[in-house]
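Colleague: Take this structure first; my questions come after.
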Amino acid sequence: MNLEYIQAILPALLKGTWQTLQVFFLTLVLSLPLGLPFALGSISRFFPVRFLSKAYIWVFRGTPLMLQLFFVYYGLPIMFGPAFRMENTVAAVLTFTMNYAAYFAEIFRSGIQAIPAGQSEAATVLGYTRAQTFVRIILPQMTRIVLPPVTNEVITLVKDTSLAFALAYTEMFTLAKQIAAASASIMPLFIAGAFYYIFNFIVAWIMEYIEKKMRY
């Protein structure tokens with residue numbers, strides 16, 4: 001009976017899994033590169049750039065992600081008109097991207113500042129430009145340093161995708177709750193929990209593999 005029940009609900013849960021993976025991968029692909037300019041901006045010598053970058057980071061790290069989702073999906077159209085109304089998928093990805101870019105920016109900043117300043121000075125003596133110094137010397141070392149905290153944020157992102165339910169986005173956990181309520185069974189929630197566990201395990205394994213490869 002349980003096996004038949006699982007077989008019956010599995011297609012719906014797999015559809016929800018695809019929705020979850022969409023938000024996850026789009027957020028990761030967009031927020032990781034977006035975090036780097038904000039990290040560089042937050043340590044810039046130019047006050048306006050530094051102030052704006054830090055303000056962005058403070059706002060998105062200092063307010064709840066749920067509130068940000070509501071603001072982007074519901075608040076923007078109310079404040080600025082229907083032109084700012086967007087699909088729930090777009091709103092979810094946009095909000096998650098802006099939020100996680102702020103966290104990645106702080107991680108990248110700490111990684112950059114962990115590298116001794118003497119290395120940049122030595123590169124200048126050798127005739128490297130600032131861009132060459134960053135790309136060839138700073139960036140590879142920073143990437144190795146920040147991998148563990150980035151891994152933690154990526155795992156958190158997997159779990160945070162469930163907050164997209166606030167925008168009526170039918171990701172996997174939302175579907176699991178709906179099926180559980182309709183069938184008066186807790187099994188869909190167990191399956192959803194197993195998905196999050198397995199996916200986080202895969203993410204952690206991949207990041208650990210990359211970390212080992214970058215040890216030199």
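Lettering and numbering for the structure tokens are positional, with chains as A, B, ... in the shown order, residues counted from 1 in each chain, and ligands counted from 1 in the shown order.
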Need to verify the contact set: segment 153-162 of chain A, 6 Å, only C-alpha atoms, exclusion of same-chain residues closer than 3 positions in sequence. Can you return it as a PyMOL selection string?
Modeller: chain A and resi 150+173+200
Colleague: For all heavy atoms, I'd like the residues from the last selection saved as a CSV table (one decimal), in the first residue's frame.
Modeller:
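Just written: again-v3.csv:
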```csv
chain,number,residue,atom,x,y,z
A,150,VAL,N,31.5,29.3,1.3
A,150,VAL,CA,30.6,29.3,0.2
A,150,VAL,C,29.8,28.0,0.2
A,150,VAL,O,28.6,28.0,-0.1
A,150,VAL,CB,31.4,29.5,-1.1
A,150,VAL,CG1,30.5,29.1,-2.3
A,150,VAL,CG2,31.9,30.9,-1.3
A,173,PHE,N,8.7,21.5,-1.7
A,173,PHE,CA,8.2,21.4,-0.3
A,173,PHE,C,6.7,21.8,-0.2
A,173,PHE,O,5.9,21.3,0.5
A,173,PHE,CB,9.0,22.3,0.6
A,173,PHE,CG,8.7,22.1,2.1
A,173,PHE,CD1,9.0,20.9,2.7
A,173,PHE,CD2,8.1,23.1,2.8
A,173,PHE,CE1,8.7,20.6,4.0
A,173,PHE,CE2,7.9,22.9,4.2
A,173,PHE,CZ,8.2,21.7,4.8
A,200,ASN,N,21.7,18.1,-0.5
A,200,ASN,CA,22.7,18.7,0.3
A,200,ASN,C,24.0,17.9,0.4
A,200,ASN,O,25.1,18.4,0.4
A,200,ASN,CB,22.2,19.1,1.7
A,200,ASN,CG,21.4,20.4,1.7
A,200,ASN,OD1,21.7,21.3,0.9
A,200,ASN,ND2,20.5,20.5,2.6
```
Colleague: Show me, as a PDB file with N, CA and C atoms, in the first residue's frame, the residues that have an atom within 12 Å of Phe190 of chain A when counting only C-alpha atoms, minus same-chain residues fewer than 3 positions from it.
Modeller:
```pdb
ATOM      1  N   ILE A   6       3.423   5.857  -2.749  1.00  0.00           N
ATOM      2  CA  ILE A   6       4.623   6.592  -3.146  1.00  0.00           C
ATOM      3  C   ILE A   6       4.702   6.706  -4.665  1.00  0.00           C
ATOM      4  N   LEU A  13       5.792  15.104  -6.975  1.00  0.00           N
ATOM      5  CA  LEU A  13       6.953  15.544  -6.207  1.00  0.00           C
ATOM      6  C   LEU A  13       8.166  15.792  -7.103  1.00  0.00           C
ATOM      7  N   MET A 172       9.022  22.022  -4.479  1.00  0.00           N
ATOM      8  CA  MET A 172       8.782  20.677  -3.991  1.00  0.00           C
ATOM      9  C   MET A 172       8.174  20.631  -2.590  1.00  0.00           C
ATOM     10  N   PHE A 173       8.660  21.453  -1.671  1.00  0.00           N
ATOM     11  CA  PHE A 173       8.162  21.385  -0.303  1.00  0.00           C
ATOM     12  C   PHE A 173       6.703  21.827  -0.233  1.00  0.00           C
ATOM     13  N   ALA A 176       4.682  18.969  -1.471  1.00  0.00           N
ATOM     14  CA  ALA A 176       4.672  17.909  -0.453  1.00  0.00           C
ATOM     15  C   ALA A 176       3.655  18.223   0.649  1.00  0.00           C
ATOM     16  N   LYS A 177       3.607  19.500   1.072  1.00  0.00           N
ATOM     17  CA  LYS A 177       2.633  19.886   2.099  1.00  0.00           C
ATOM     18  C   LYS A 177       1.208  19.747   1.584  1.00  0.00           C
ATOM     19  N   ILE A 179       0.079  17.715  -0.808  1.00  0.00           N
ATOM     20  CA  ILE A 179      -0.251  16.293  -0.937  1.00  0.00           C
ATOM     21  C   ILE A 179      -0.473  15.673   0.433  1.00  0.00           C
ATOM     22  N   ALA A 180       0.363  16.053   1.410  1.00  0.00           N
ATOM     23  CA  ALA A 180       0.216  15.518   2.764  1.00  0.00           C
ATOM     24  C   ALA A 180      -1.124  15.924   3.368  1.00  0.00           C
ATOM     25  N   SER A 185      -1.484  12.140   5.104  1.00  0.00           N
ATOM     26  CA  SER A 185      -0.309  11.278   5.286  1.00  0.00           C
ATOM     27  C   SER A 185       0.929  12.155   5.413  1.00  0.00           C
ATOM     28  N   ILE A 186       1.845  11.739   6.259  1.00  0.00           N
ATOM     29  CA  ILE A 186       3.077  12.490   6.453  1.00  0.00           C
ATOM     30  C   ILE A 186       4.189  12.018   5.514  1.00  0.00           C
ATOM     31  N   MET A 187       3.908  10.967   4.733  1.00  0.00           N
ATOM     32  CA  MET A 187       4.914  10.393   3.850  1.00  0.00           C
ATOM     33  C   MET A 187       5.490  11.404   2.862  1.00  0.00           C
ATOM     34  N   GLY A 193      11.931  15.703   2.796  1.00  0.00           N
ATOM     35  CA  GLY A 193      13.100  15.791   3.668  1.00  0.00           C
ATOM     36  C   GLY A 193      14.261  14.965   3.148  1.00  0.00           C
ATOM     37  N   ALA A 194      13.954  13.793   2.604  1.00  0.00           N
ATOM     38  CA  ALA A 194      15.005  12.943   2.034  1.00  0.00           C
ATOM     39  C   ALA A 194      15.654  13.619   0.831  1.00  0.00           C
ATOM     40  N   PHE A 195      14.829  14.304   0.024  1.00  0.00           N
ATOM     41  CA  PHE A 195      15.377  15.021  -1.125  1.00  0.00           C
ATOM     42  C   PHE A 195      16.371  16.083  -0.670  1.00  0.00           C
ATOM     43  N   TYR A 196      15.968  16.909   0.300  1.00  0.00           N
ATOM     44  CA  TYR A 196      16.863  17.969   0.773  1.00  0.00           C
ATOM     45  C   TYR A 196      18.160  17.383   1.329  1.00  0.00           C
ATOM     46  N   TYR A 197      18.045  16.285   2.062  1.00  0.00           N
ATOM     47  CA  TYR A 197      19.232  15.657   2.643  1.00  0.00           C
ATOM     48  C   TYR A 197      20.164  15.148   1.546  1.00  0.00           C
TER      49      TYR A 197
END
```
Colleague: Hey, what's within 8 Å of Arg85 of chain A if we count only C-alpha atoms and toss same-chain stuff fewer than 5 positions away? As a CSV table (one decimal) with C-alpha atoms, in the first residue's frame, please?
Modeller:
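The resulting around-v8.csv:
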```
chain,number,residue,atom,x,y,z
A,73,TYR,CA,6.6,40.5,-5.6
A,74,TYR,CA,3.9,42.6,-3.9
A,76,LEU,CA,7.2,47.0,-6.1
A,77,PRO,CA,3.9,46.9,-8.2
```
Colleague: Do you know which residues are at most 6 Å from segment 21-31 of chain A counting only C-alpha atoms, after dropping those on the same chain fewer than 3 positions away, and could you put them as a VMD selection string?
Modeller: chain A and resid 18 34 to 35 93 97 100 to 101
Colleague: Determine the nearest neighbour of Ala105 of chain A from the options A:Val203, A:Leu40, A:Ala92, A:Ala184, counting only C-alpha atoms.
Modeller: A:Leu40
